[in-house]
>>> print(open('coords-v4.cif').read())   # mmCIF, N, CA and C atoms
data_model
loop_
_atom_site.label_atom_id
_atom_site.label_comp_id
_atom_site.auth_asym_id
_atom_site.auth_seq_id
_atom_site.Cartn_x
_atom_site.Cartn_y
_atom_site.Cartn_z
N MET Z 1 -24.95 -2.14 -35.38
CA MET Z 1 -24.51 -2.96 -34.28
C MET Z 1 -23.84 -2.05 -33.24
N THR Z 2 -24.00 -2.39 -31.97
CA THR Z 2 -23.40 -1.61 -30.88
C THR Z 2 -22.34 -2.45 -30.18
N CYS Z 3 -21.18 -1.86 -29.91
CA CYS Z 3 -20.11 -2.57 -29.20
C CYS Z 3 -20.56 -2.81 -27.76
N PRO Z 4 -20.50 -4.05 -27.27
CA PRO Z 4 -20.94 -4.33 -25.91
C PRO Z 4 -19.98 -3.79 -24.84
N HIS Z 5 -18.78 -3.40 -25.25
CA HIS Z 5 -17.78 -2.92 -24.29
C HIS Z 5 -17.84 -1.41 -24.09
N CYS Z 6 -17.91 -0.64 -25.20
CA CYS Z 6 -17.87 0.82 -25.09
C CYS Z 6 -19.16 1.48 -25.59
N GLN Z 7 -20.10 0.69 -26.08
CA GLN Z 7 -21.42 1.16 -26.53
C GLN Z 7 -21.38 2.02 -27.79
N LEU Z 8 -20.26 2.01 -28.53
CA LEU Z 8 -20.16 2.78 -29.77
C LEU Z 8 -20.92 2.04 -30.88
N HIS Z 9 -21.62 2.79 -31.72
CA HIS Z 9 -22.29 2.18 -32.88
C HIS Z 9 -21.22 1.90 -33.93
N VAL Z 10 -21.14 0.64 -34.36
CA VAL Z 10 -20.12 0.24 -35.35
C VAL Z 10 -20.81 -0.39 -36.56
N PRO Z 11 -20.16 -0.33 -37.73
CA PRO Z 11 -20.74 -0.95 -38.93
C PRO Z 11 -20.92 -2.46 -38.73
N ASP Z 12 -21.96 -3.01 -39.33
CA ASP Z 12 -22.25 -4.44 -39.18
C ASP Z 12 -21.11 -5.33 -39.66
N GLU Z 13 -20.34 -4.88 -40.65
CA GLU Z 13 -19.28 -5.72 -41.21
C GLU Z 13 -17.97 -5.67 -40.40
N ALA Z 14 -17.89 -4.80 -39.38
CA ALA Z 14 -16.66 -4.66 -38.59
C ALA Z 14 -16.41 -5.91 -37.75
N ALA Z 15 -15.15 -6.35 -37.73
CA ALA Z 15 -14.76 -7.50 -36.91
C ALA Z 15 -14.34 -7.05 -35.51
N ARG Z 16 -13.84 -5.81 -35.41
CA ARG Z 16 -13.41 -5.25 -34.13
C ARG Z 16 -13.98 -3.85 -33.99
N CYS Z 17 -14.18 -3.42 -32.77
CA CYS Z 17 -14.65 -2.07 -32.52
C CYS Z 17 -13.53 -1.08 -32.84
N PRO Z 18 -13.79 -0.07 -33.66
CA PRO Z 18 -12.74 0.89 -33.98
C PRO Z 18 -12.37 1.79 -32.81
N ASN Z 19 -13.22 1.85 -31.78
CA ASN Z 19 -12.96 2.70 -30.62
C ASN Z 19 -12.11 1.98 -29.57
N CYS Z 20 -12.56 0.80 -29.12
CA CYS Z 20 -11.87 0.11 -28.02
C CYS Z 20 -11.06 -1.11 -28.49
N GLY Z 21 -11.24 -1.53 -29.75
CA GLY Z 21 -10.45 -2.63 -30.29
C GLY Z 21 -10.94 -4.02 -29.91
N GLN Z 22 -12.03 -4.11 -29.18
CA GLN Z 22 -12.54 -5.41 -28.76
C GLN Z 22 -13.15 -6.16 -29.94
N PRO Z 23 -12.96 -7.49 -29.99
CA PRO Z 23 -13.61 -8.26 -31.06
C PRO Z 23 -15.13 -8.22 -30.90
N LEU Z 24 -15.83 -8.17 -32.00
CA LEU Z 24 -17.29 -8.11 -31.98
C LEU Z 24 -17.87 -9.47 -32.29
N GLN Z 25 -18.86 -9.86 -31.53
CA GLN Z 25 -19.51 -11.15 -31.73
C GLN Z 25 -20.81 -10.91 -32.50
N ARG Z 26 -20.96 -11.61 -33.57
CA ARG Z 26 -22.15 -11.49 -34.40
C ARG Z 26 -23.33 -12.20 -33.72
N THR Z 27 -24.49 -11.62 -33.87
CA THR Z 27 -25.71 -12.26 -33.40
C THR Z 27 -26.14 -13.28 -34.44
N GLY Z 28 -26.41 -14.50 -34.00
CA GLY Z 28 -26.81 -15.56 -34.91
C GLY Z 28 -28.20 -15.34 -35.49
N LEU Z 29 -28.50 -16.06 -36.55
CA LEU Z 29 -29.77 -15.93 -37.24
C LEU Z 29 -30.94 -16.21 -36.30
N PHE Z 30 -30.83 -17.25 -35.48
CA PHE Z 30 -31.91 -17.62 -34.57
C PHE Z 30 -32.20 -16.49 -33.58
N ARG Z 31 -31.16 -15.89 -33.01
CA ARG Z 31 -31.35 -14.79 -32.07
C ARG Z 31 -31.93 -13.56 -32.77
N ARG Z 32 -31.50 -13.30 -34.01
CA ARG Z 32 -32.05 -12.16 -34.75
C ARG Z 32 -33.54 -12.37 -35.03
N LEU Z 33 -33.91 -13.61 -35.39
CA LEU Z 33 -35.32 -13.90 -35.64
C LEU Z 33 -36.15 -13.71 -34.37
N LEU Z 34 -35.65 -14.24 -33.25
CA LEU Z 34 -36.37 -14.07 -31.98
C LEU Z 34 -36.45 -12.58 -31.60
N GLY Z 35 -35.36 -11.86 -31.83
CA GLY Z 35 -35.36 -10.43 -31.53
C GLY Z 35 -36.39 -9.69 -32.36
N GLY Z 36 -36.54 -10.09 -33.62
CA GLY Z 36 -37.55 -9.48 -34.47
C GLY Z 36 -38.96 -9.72 -33.97
N LEU Z 37 -39.13 -10.82 -33.25
CA LEU Z 37 -40.44 -11.14 -32.67
C LEU Z 37 -40.59 -10.55 -31.26
N GLY Z 38 -39.55 -9.87 -30.79
CA GLY Z 38 -39.60 -9.28 -29.45
C GLY Z 38 -39.27 -10.26 -28.35
N LEU Z 39 -38.67 -11.40 -28.70
CA LEU Z 39 -38.31 -12.42 -27.72
C LEU Z 39 -36.79 -12.45 -27.54
N THR Z 40 -36.37 -12.90 -26.39
CA THR Z 40 -34.93 -13.03 -26.13
C THR Z 40 -34.63 -14.35 -25.45
N ILE Z 41 -33.39 -14.78 -25.57
CA ILE Z 41 -32.91 -15.96 -24.87
C ILE Z 41 -31.97 -15.45 -23.78
N PRO Z 42 -32.23 -15.79 -22.50
CA PRO Z 42 -31.34 -15.32 -21.44
C PRO Z 42 -29.93 -15.89 -21.61
N THR Z 43 -28.93 -15.06 -21.41
CA THR Z 43 -27.55 -15.50 -21.51
C THR Z 43 -26.79 -15.07 -20.27
N THR Z 44 -25.74 -15.80 -19.98
CA THR Z 44 -24.85 -15.44 -18.89
C THR Z 44 -23.50 -15.15 -19.49
N ARG Z 45 -23.02 -13.94 -19.29
CA ARG Z 45 -21.70 -13.55 -19.75
C ARG Z 45 -20.85 -13.24 -18.53
N ILE Z 46 -19.67 -13.77 -18.55
CA ILE Z 46 -18.76 -13.53 -17.44
C ILE Z 46 -17.52 -12.86 -17.99
N ARG Z 47 -17.21 -11.72 -17.42
CA ARG Z 47 -16.02 -10.99 -17.82
C ARG Z 47 -15.27 -10.62 -16.54
N THR Z 48 -14.04 -11.03 -16.45
CA THR Z 48 -13.25 -10.71 -15.27
C THR Z 48 -12.20 -9.67 -15.64
N ARG Z 49 -11.88 -8.84 -14.67
CA ARG Z 49 -10.89 -7.81 -14.88
C ARG Z 49 -10.19 -7.56 -13.55
N VAL Z 50 -8.89 -7.58 -13.60
CA VAL Z 50 -8.09 -7.29 -12.41
C VAL Z 50 -7.55 -5.87 -12.58
N THR Z 51 -7.77 -5.05 -11.59
CA THR Z 51 -7.30 -3.68 -11.68
C THR Z 51 -6.35 -3.38 -10.52
N MET Z 52 -5.50 -2.41 -10.74
CA MET Z 52 -4.56 -1.98 -9.71
C MET Z 52 -4.55 -0.46 -9.71
N GLN Z 53 -4.46 0.12 -8.54
CA GLN Z 53 -4.34 1.57 -8.44
C GLN Z 53 -3.17 1.87 -7.51
N ILE Z 54 -2.22 2.62 -8.02
CA ILE Z 54 -1.03 2.97 -7.26
C ILE Z 54 -1.09 4.46 -6.98
N LYS Z 55 -1.04 4.82 -5.69
CA LYS Z 55 -1.05 6.23 -5.30
C LYS Z 55 0.30 6.56 -4.69
N ILE Z 56 0.93 7.62 -5.20
CA ILE Z 56 2.24 8.05 -4.70
C ILE Z 56 2.15 9.53 -4.33
N ARG Z 57 2.55 9.83 -3.08
CA ARG Z 57 2.55 11.22 -2.61
C ARG Z 57 3.95 11.79 -2.73
N ASP Z 58 4.06 12.92 -3.40
CA ASP Z 58 5.34 13.61 -3.53
C ASP Z 58 5.68 14.21 -2.17
N PRO Z 59 6.82 13.83 -1.55
CA PRO Z 59 7.13 14.33 -0.21
C PRO Z 59 7.39 15.84 -0.16
N LYS Z 60 7.78 16.43 -1.27
CA LYS Z 60 8.06 17.87 -1.29
C LYS Z 60 6.79 18.71 -1.43
N THR Z 61 5.91 18.30 -2.34
CA THR Z 61 4.71 19.11 -2.62
C THR Z 61 3.46 18.59 -1.94
N GLY Z 62 3.47 17.32 -1.54
CA GLY Z 62 2.28 16.71 -0.94
C GLY Z 62 1.26 16.27 -1.97
N GLN Z 63 1.55 16.52 -3.25
CA GLN Z 63 0.63 16.16 -4.33
C GLN Z 63 0.60 14.64 -4.49
N VAL Z 64 -0.61 14.10 -4.65
CA VAL Z 64 -0.79 12.66 -4.84
C VAL Z 64 -1.00 12.38 -6.32
N ARG Z 65 -0.22 11.46 -6.84
CA ARG Z 65 -0.38 11.01 -8.22
C ARG Z 65 -0.95 9.60 -8.20
N VAL Z 66 -1.86 9.33 -9.12
CA VAL Z 66 -2.50 8.02 -9.19
C VAL Z 66 -2.12 7.38 -10.52
N TYR Z 67 -1.67 6.11 -10.45
CA TYR Z 67 -1.27 5.36 -11.64
C TYR Z 67 -2.13 4.10 -11.72
N GLY Z 68 -2.52 3.73 -12.93
CA GLY Z 68 -3.36 2.56 -13.13
C GLY Z 68 -2.60 1.26 -13.30
N SER Z 69 -1.27 1.35 -13.42
CA SER Z 69 -0.45 0.14 -13.55
C SER Z 69 0.98 0.48 -13.18
N LEU Z 70 1.77 -0.55 -13.00
CA LEU Z 70 3.18 -0.35 -12.67
C LEU Z 70 3.91 0.32 -13.83
N ASP Z 71 3.51 0.02 -15.06
CA ASP Z 71 4.15 0.62 -16.23
C ASP Z 71 3.93 2.13 -16.31
N GLU Z 72 2.84 2.62 -15.74
CA GLU Z 72 2.57 4.06 -15.76
C GLU Z 72 3.40 4.82 -14.72
N ALA Z 73 3.85 4.13 -13.68
CA ALA Z 73 4.61 4.77 -12.61
C ALA Z 73 6.01 5.12 -13.11
N PRO Z 74 6.65 6.14 -12.50
CA PRO Z 74 8.01 6.49 -12.89
C PRO Z 74 8.96 5.29 -12.72
N ALA Z 75 9.89 5.14 -13.65
CA ALA Z 75 10.80 3.98 -13.67
C ALA Z 75 11.57 3.82 -12.37
N ASP Z 76 12.00 4.93 -11.76
CA ASP Z 76 12.80 4.84 -10.54
C ASP Z 76 11.99 4.37 -9.33
N LEU Z 77 10.65 4.39 -9.43
CA LEU Z 77 9.81 3.95 -8.31
C LEU Z 77 9.26 2.55 -8.48
N ARG Z 78 9.46 1.94 -9.64
CA ARG Z 78 8.86 0.63 -9.90
C ARG Z 78 9.40 -0.46 -8.98
N GLY Z 79 10.70 -0.46 -8.72
CA GLY Z 79 11.29 -1.46 -7.82
C GLY Z 79 10.69 -1.40 -6.43
N PRO Z 80 10.67 -0.22 -5.79
CA PRO Z 80 10.04 -0.12 -4.47
C PRO Z 80 8.55 -0.46 -4.48
N ILE Z 81 7.86 -0.10 -5.55
CA ILE Z 81 6.43 -0.43 -5.64
C ILE Z 81 6.24 -1.95 -5.71
N GLU Z 82 7.06 -2.62 -6.53
CA GLU Z 82 6.96 -4.09 -6.63
C GLU Z 82 7.22 -4.74 -5.29
N ALA Z 83 8.22 -4.25 -4.56
CA ALA Z 83 8.54 -4.81 -3.24
C ALA Z 83 7.38 -4.60 -2.26
N ALA Z 84 6.80 -3.40 -2.28
CA ALA Z 84 5.68 -3.11 -1.38
C ALA Z 84 4.45 -3.95 -1.74
N THR Z 85 4.21 -4.13 -3.04
CA THR Z 85 3.07 -4.95 -3.49
C THR Z 85 3.25 -6.40 -3.05
N LYS Z 86 4.45 -6.93 -3.24
CA LYS Z 86 4.73 -8.31 -2.83
C LYS Z 86 4.52 -8.49 -1.33
N SER Z 87 5.00 -7.53 -0.55
CA SER Z 87 4.84 -7.59 0.89
C SER Z 87 3.37 -7.53 1.29
N ALA Z 88 2.59 -6.66 0.63
CA ALA Z 88 1.17 -6.53 0.94
C ALA Z 88 0.41 -7.81 0.61
N VAL Z 89 0.74 -8.43 -0.52
CA VAL Z 89 0.07 -9.69 -0.90
C VAL Z 89 0.40 -10.79 0.09
N GLU Z 90 1.68 -10.89 0.47
CA GLU Z 90 2.10 -11.93 1.41
C GLU Z 90 1.47 -11.76 2.79
N SER Z 91 1.25 -10.51 3.19
CA SER Z 91 0.67 -10.26 4.52
C SER Z 91 -0.86 -10.26 4.50
N GLY Z 92 -1.44 -10.32 3.30
CA GLY Z 92 -2.89 -10.30 3.19
C GLY Z 92 -3.49 -8.91 3.31
N ALA Z 93 -2.68 -7.88 3.10
CA ALA Z 93 -3.14 -6.51 3.26
C ALA Z 93 -3.73 -5.91 1.99
N THR Z 94 -3.95 -6.71 0.97
CA THR Z 94 -4.53 -6.19 -0.27
C THR Z 94 -6.05 -6.15 -0.14
N THR Z 95 -6.69 -5.34 -0.97
CA THR Z 95 -8.14 -5.20 -0.96
C THR Z 95 -8.70 -5.78 -2.24
N THR Z 96 -9.73 -6.62 -2.09
CA THR Z 96 -10.39 -7.21 -3.25
C THR Z 96 -11.84 -6.76 -3.25
N LYS Z 97 -12.31 -6.34 -4.41
CA LYS Z 97 -13.72 -6.02 -4.59
C LYS Z 97 -14.20 -6.78 -5.82
N ILE Z 98 -15.33 -7.40 -5.70
CA ILE Z 98 -15.93 -8.12 -6.82
C ILE Z 98 -17.23 -7.39 -7.16
N THR Z 99 -17.29 -6.85 -8.37
CA THR Z 99 -18.47 -6.12 -8.81
C THR Z 99 -19.21 -6.95 -9.85
N VAL Z 100 -20.48 -7.14 -9.64
CA VAL Z 100 -21.31 -7.96 -10.53
C VAL Z 100 -22.41 -7.09 -11.11
N THR Z 101 -22.58 -7.16 -12.43
CA THR Z 101 -23.67 -6.47 -13.11
C THR Z 101 -24.61 -7.52 -13.67
N ASP Z 102 -25.85 -7.51 -13.23
CA ASP Z 102 -26.81 -8.52 -13.70
C ASP Z 102 -27.41 -8.08 -15.04
N PRO Z 103 -28.18 -8.97 -15.68
CA PRO Z 103 -28.74 -8.65 -17.01
C PRO Z 103 -29.59 -7.39 -17.05
N SER Z 104 -30.18 -6.98 -15.92
CA SER Z 104 -31.00 -5.77 -15.92
C SER Z 104 -30.15 -4.51 -15.80
N GLY Z 105 -28.83 -4.69 -15.55
CA GLY Z 105 -27.94 -3.54 -15.42
C GLY Z 105 -27.67 -3.14 -13.98
N ALA Z 106 -28.31 -3.80 -13.02
CA ALA Z 106 -28.07 -3.50 -11.61
C ALA Z 106 -26.68 -4.00 -11.21
N THR Z 107 -25.97 -3.19 -10.43
CA THR Z 107 -24.61 -3.53 -10.02
C THR Z 107 -24.56 -3.76 -8.52
N ARG Z 108 -23.86 -4.83 -8.13
CA ARG Z 108 -23.64 -5.12 -6.71
C ARG Z 108 -22.16 -5.36 -6.50
N THR Z 109 -21.61 -4.90 -5.39
CA THR Z 109 -20.20 -5.08 -5.08
C THR Z 109 -20.06 -5.89 -3.81
N TYR Z 110 -19.15 -6.87 -3.85
CA TYR Z 110 -18.89 -7.74 -2.71
C TYR Z 110 -17.42 -7.59 -2.31
N ALA Z 111 -17.14 -7.64 -1.01
CA ALA Z 111 -15.77 -7.52 -0.51
C ALA Z 111 -15.04 -8.86 -0.56
N SER Z 112 -15.77 -9.96 -0.71
CA SER Z 112 -15.15 -11.28 -0.79
C SER Z 112 -16.08 -12.24 -1.51
N VAL Z 113 -15.52 -13.36 -1.91
CA VAL Z 113 -16.32 -14.40 -2.57
C VAL Z 113 -17.35 -14.96 -1.59
N GLU Z 114 -16.99 -15.02 -0.32
CA GLU Z 114 -17.89 -15.58 0.70
C GLU Z 114 -19.17 -14.76 0.86
N GLU Z 115 -19.12 -13.46 0.55
CA GLU Z 115 -20.31 -12.61 0.67
C GLU Z 115 -21.31 -12.84 -0.46
N MET Z 116 -20.86 -13.45 -1.55
CA MET Z 116 -21.72 -13.62 -2.73
C MET Z 116 -22.76 -14.71 -2.48
N PRO Z 117 -23.95 -14.58 -3.08
CA PRO Z 117 -24.95 -15.65 -3.01
C PRO Z 117 -24.36 -16.93 -3.62
N GLU Z 118 -24.79 -18.07 -3.13
CA GLU Z 118 -24.22 -19.37 -3.53
C GLU Z 118 -24.23 -19.58 -5.04
N ASP Z 119 -25.34 -19.28 -5.72
CA ASP Z 119 -25.40 -19.51 -7.16
C ASP Z 119 -24.42 -18.61 -7.91
N LEU Z 120 -24.30 -17.38 -7.48
CA LEU Z 120 -23.36 -16.45 -8.10
C LEU Z 120 -21.91 -16.85 -7.81
N ARG Z 121 -21.68 -17.33 -6.60
CA ARG Z 121 -20.33 -17.79 -6.23
C ARG Z 121 -19.87 -18.95 -7.11
N ARG Z 122 -20.77 -19.88 -7.40
CA ARG Z 122 -20.41 -21.02 -8.27
C ARG Z 122 -20.02 -20.54 -9.66
N ILE Z 123 -20.78 -19.60 -10.21
CA ILE Z 123 -20.48 -19.05 -11.54
C ILE Z 123 -19.13 -18.34 -11.52
N TYR Z 124 -18.90 -17.54 -10.49
CA TYR Z 124 -17.64 -16.80 -10.35
C TYR Z 124 -16.45 -17.75 -10.24
N GLU Z 125 -16.57 -18.76 -9.40
CA GLU Z 125 -15.46 -19.71 -9.22
C GLU Z 125 -15.19 -20.50 -10.49
N GLN Z 126 -16.23 -20.85 -11.24
CA GLN Z 126 -16.05 -21.54 -12.52
C GLN Z 126 -15.29 -20.64 -13.50
N ALA Z 127 -15.67 -19.37 -13.54
CA ALA Z 127 -14.98 -18.42 -14.44
C ALA Z 127 -13.51 -18.27 -14.05
N GLN Z 128 -13.22 -18.25 -12.75
CA GLN Z 128 -11.84 -18.14 -12.29
C GLN Z 128 -11.03 -19.38 -12.70
N ARG Z 129 -11.63 -20.56 -12.58
CA ARG Z 129 -10.94 -21.79 -12.99
C ARG Z 129 -10.65 -21.78 -14.48
N GLU Z 130 -11.62 -21.36 -15.28
CA GLU Z 130 -11.44 -21.30 -16.73
C GLU Z 130 -10.39 -20.29 -17.12
N ARG Z 131 -10.33 -19.19 -16.39
CA ARG Z 131 -9.34 -18.14 -16.68
C ARG Z 131 -7.92 -18.64 -16.41
N LYS Z 132 -7.76 -19.45 -15.38
CA LYS Z 132 -6.43 -19.96 -15.01
C LYS Z 132 -5.97 -21.09 -15.92
N SER Z 133 -6.90 -21.79 -16.55
CA SER Z 133 -6.50 -22.92 -17.41
C SER Z 133 -6.20 -22.52 -18.82
#
>>> encode(input="coords-v4.cif", output="structure tokens")
Amino acid sequence: MTCPHCQLHVPDEAARCPNCGQPLQRTGLFRRLLGGLGLTIPTTRIRTRVTMQIKIRDPKTGQVRVYGSLDEAPADLRGPIEAATKSAVESGATTTKITVTDPSGATRTYASVEEMPEDLRRIYEQAQRERKS
């Protein structure tokens, strides 16, 4: 079996991937039988991920450090970063990118929900509602 998240080959009896820790979903008997015949059932999987990138330039050296979360940033800078983030969100100065990977593996990136095709937008909005509930 292959982990769908990190592509590592894992033992069939594993409940979680030993590499990334993600739970593994077993393929049902019906899907395995169809797969043995070379047939597949189309599925839609929706996975959302919110990412943040914090860049801080050292005023003395000019070196830029990049942090993937507020927890990674130095403790003395977290307060100012939170204040700047709040201000950016309130003013609408944040950047949103929506990246979609279709079943064939092709990736498309949209700058807003409005740019997405109508059918894809409905799926995305449904996933957002389910995530919030």
>>> residues_around(input="coords-v4.cif", residues="Val10 in chain Z", least_positions_apart="4", cutoff="12 Å", atoms="only C-alpha atoms", output="list of chain:residue names")
Z:Met1, Z:Thr2, Z:Cys3, Z:Pro4, Z:His5, Z:Cys6, Z:Ala14, Z:Ala15, Z:Arg16, Z:Cys17, Z:Pro18, Z:Asn19, Z:Cys20, Z:Gly21, Z:Gln22, Z:Pro23, Z:Leu24, Z:Gln25, Z:Arg26
>>> atom_distance(input="coords-v4.cif", atom1="CA of Lys86 in chain Z", atom2="CA of Ile123 in chain Z")
28.8 Å
>>> atom_distance(input="coords-v4.cif", atom1="CA of Val89 in chain Z", atom2="CA of Thr109 in chain Z")
21.2 Å
>>> resolve_selection(input="coords-v4.cif", expression="the PyMOL selection byres ((chain Z and resi 56) around 6.5)", output="PyMOL selection string")
chain Z and resi 54-55+57-58+63-67
>>> atom_distance(input="coords-v4.cif", atom1="CA of Tyr124 in chain Z", atom2="CA of Gln53 in chain Z")
22.8 Å
>>> select_by_dssp(input="coords-v4.cif", residues="chain Z", states="strand (DSSP E)", output="PyMOL selection string")
chain Z and resi 54-57+64-67+98-101+107-110
>>> closest_residue(input="coords-v4.cif", among="Z:Ala111, Z:Leu8, Z:Leu39, Z:Ile98", to="Glu125 in chain Z", atoms="only C-alpha atoms")
Z:Ile98
>>> select_by_dssp(input="coords-v4.cif", residues="range 13-132 of chain Z", states="alpha helix (DSSP H)", output="tab-separated table (two decimals) with N, CA and C atoms, in the coordinates of the input")
chain	number	residue	atom	x	y	z
Z	29	LEU	N	-28.50	-16.06	-36.55
Z	29	LEU	CA	-29.77	-15.93	-37.24
Z	29	LEU	C	-30.94	-16.21	-36.30
Z	30	PHE	N	-30.83	-17.25	-35.48
Z	30	PHE	CA	-31.91	-17.62	-34.57
Z	30	PHE	C	-32.20	-16.49	-33.58
Z	31	ARG	N	-31.16	-15.89	-33.01
Z	31	ARG	CA	-31.35	-14.79	-32.07
Z	31	ARG	C	-31.93	-13.56	-32.77
Z	32	ARG	N	-31.50	-13.30	-34.01
Z	32	ARG	CA	-32.05	-12.16	-34.75
Z	32	ARG	C	-33.54	-12.37	-35.03
Z	33	LEU	N	-33.91	-13.61	-35.39
Z	33	LEU	CA	-35.32	-13.90	-35.64
Z	33	LEU	C	-36.15	-13.71	-34.37
Z	34	LEU	N	-35.65	-14.24	-33.25
Z	34	LEU	CA	-36.37	-14.07	-31.98
Z	34	LEU	C	-36.45	-12.58	-31.60
Z	35	GLY	N	-35.36	-11.86	-31.83
Z	35	GLY	CA	-35.36	-10.43	-31.53
Z	35	GLY	C	-36.39	-9.69	-32.36
Z	36	GLY	N	-36.54	-10.09	-33.62
Z	36	GLY	CA	-37.55	-9.48	-34.47
Z	36	GLY	C	-38.96	-9.72	-33.97
Z	75	ALA	N	9.89	5.14	-13.65
Z	75	ALA	CA	10.80	3.98	-13.67
Z	75	ALA	C	11.57	3.82	-12.37
Z	76	ASP	N	12.00	4.93	-11.76
Z	76	ASP	CA	12.80	4.84	-10.54
Z	76	ASP	C	11.99	4.37	-9.33
Z	77	LEU	N	10.65	4.39	-9.43
Z	77	LEU	CA	9.81	3.95	-8.31
Z	77	LEU	C	9.26	2.55	-8.48
Z	78	ARG	N	9.46	1.94	-9.64
Z	78	ARG	CA	8.86	0.63	-9.90
Z	78	ARG	C	9.40	-0.46	-8.98
Z	79	GLY	N	10.70	-0.46	-8.72
Z	79	GLY	CA	11.29	-1.46	-7.82
Z	79	GLY	C	10.69	-1.40	-6.43
Z	80	PRO	N	10.67	-0.22	-5.79
Z	80	PRO	CA	10.04	-0.12	-4.47
Z	80	PRO	C	8.55	-0.46	-4.48
Z	81	ILE	N	7.86	-0.10	-5.55
Z	81	ILE	CA	6.43	-0.43	-5.64
Z	81	ILE	C	6.24	-1.95	-5.71
Z	82	GLU	N	7.06	-2.62	-6.53
Z	82	GLU	CA	6.96	-4.09	-6.63
Z	82	GLU	C	7.22	-4.74	-5.29
Z	83	ALA	N	8.22	-4.25	-4.56
Z	83	ALA	CA	8.54	-4.81	-3.24
Z	83	ALA	C	7.38	-4.60	-2.26
Z	84	ALA	N	6.80	-3.40	-2.28
Z	84	ALA	CA	5.68	-3.11	-1.38
Z	84	ALA	C	4.45	-3.95	-1.74
Z	85	THR	N	4.21	-4.13	-3.04
Z	85	THR	CA	3.07	-4.95	-3.49
Z	85	THR	C	3.25	-6.40	-3.05
Z	86	LYS	N	4.45	-6.93	-3.24
Z	86	LYS	CA	4.73	-8.31	-2.83
Z	86	LYS	C	4.52	-8.49	-1.33
Z	87	SER	N	5.00	-7.53	-0.55
Z	87	SER	CA	4.84	-7.59	0.89
Z	87	SER	C	3.37	-7.53	1.29
Z	88	ALA	N	2.59	-6.66	0.63
Z	88	ALA	CA	1.17	-6.53	0.94
Z	88	ALA	C	0.41	-7.81	0.61
Z	89	VAL	N	0.74	-8.43	-0.52
Z	89	VAL	CA	0.07	-9.69	-0.90
Z	89	VAL	C	0.40	-10.79	0.09
Z	90	GLU	N	1.68	-10.89	0.47
Z	90	GLU	CA	2.10	-11.93	1.41
Z	90	GLU	C	1.47	-11.76	2.79
Z	91	SER	N	1.25	-10.51	3.19
Z	91	SER	CA	0.67	-10.26	4.52
Z	91	SER	C	-0.86	-10.26	4.50
Z	118	GLU	N	-24.79	-18.07	-3.13
Z	118	GLU	CA	-24.22	-19.37	-3.53
Z	118	GLU	C	-24.23	-19.58	-5.04
Z	119	ASP	N	-25.34	-19.28	-5.72
Z	119	ASP	CA	-25.40	-19.51	-7.16
Z	119	ASP	C	-24.42	-18.61	-7.91
Z	120	LEU	N	-24.30	-17.38	-7.48
Z	120	LEU	CA	-23.36	-16.45	-8.10
Z	120	LEU	C	-21.91	-16.85	-7.81
Z	121	ARG	N	-21.68	-17.33	-6.60
Z	121	ARG	CA	-20.33	-17.79	-6.23
Z	121	ARG	C	-19.87	-18.95	-7.11
Z	122	ARG	N	-20.77	-19.88	-7.40
Z	122	ARG	CA	-20.41	-21.02	-8.27
Z	122	ARG	C	-20.02	-20.54	-9.66
Z	123	ILE	N	-20.78	-19.60	-10.21
Z	123	ILE	CA	-20.48	-19.05	-11.54
Z	123	ILE	C	-19.13	-18.34	-11.52
Z	124	TYR	N	-18.90	-17.54	-10.49
Z	124	TYR	CA	-17.64	-16.80	-10.35
Z	124	TYR	C	-16.45	-17.75	-10.24
Z	125	GLU	N	-16.57	-18.76	-9.40
Z	125	GLU	CA	-15.46	-19.71	-9.22
Z	125	GLU	C	-15.19	-20.50	-10.49
Z	126	GLN	N	-16.23	-20.85	-11.24
Z	126	GLN	CA	-16.05	-21.54	-12.52
Z	126	GLN	C	-15.29	-20.64	-13.50
Z	127	ALA	N	-15.67	-19.37	-13.54
Z	127	ALA	CA	-14.98	-18.42	-14.44
Z	127	ALA	C	-13.51	-18.27	-14.05
Z	128	GLN	N	-13.22	-18.25	-12.75
Z	128	GLN	CA	-11.84	-18.14	-12.29
Z	128	GLN	C	-11.03	-19.38	-12.70
Z	129	ARG	N	-11.63	-20.56	-12.58
Z	129	ARG	CA	-10.94	-21.79	-12.99
Z	129	ARG	C	-10.65	-21.78	-14.48
Z	130	GLU	N	-11.62	-21.36	-15.28
Z	130	GLU	CA	-11.44	-21.30	-16.73
Z	130	GLU	C	-10.39	-20.29	-17.12
Z	131	ARG	N	-10.33	-19.19	-16.39
Z	131	ARG	CA	-9.34	-18.14	-16.68
Z	131	ARG	C	-7.92	-18.64	-16.41
Z	132	LYS	N	-7.76	-19.45	-15.38
Z	132	LYS	CA	-6.43	-19.96	-15.01
Z	132	LYS	C	-5.97	-21.09	-15.92
>>> resolve_selection(input="coords-v4.cif", expression="the PyMOL selection byres (((chain Z and resi 112 and name CA) around 7) and name CA)", output="PyMOL selection string")
chain Z and resi 96-98+110-111+113-115
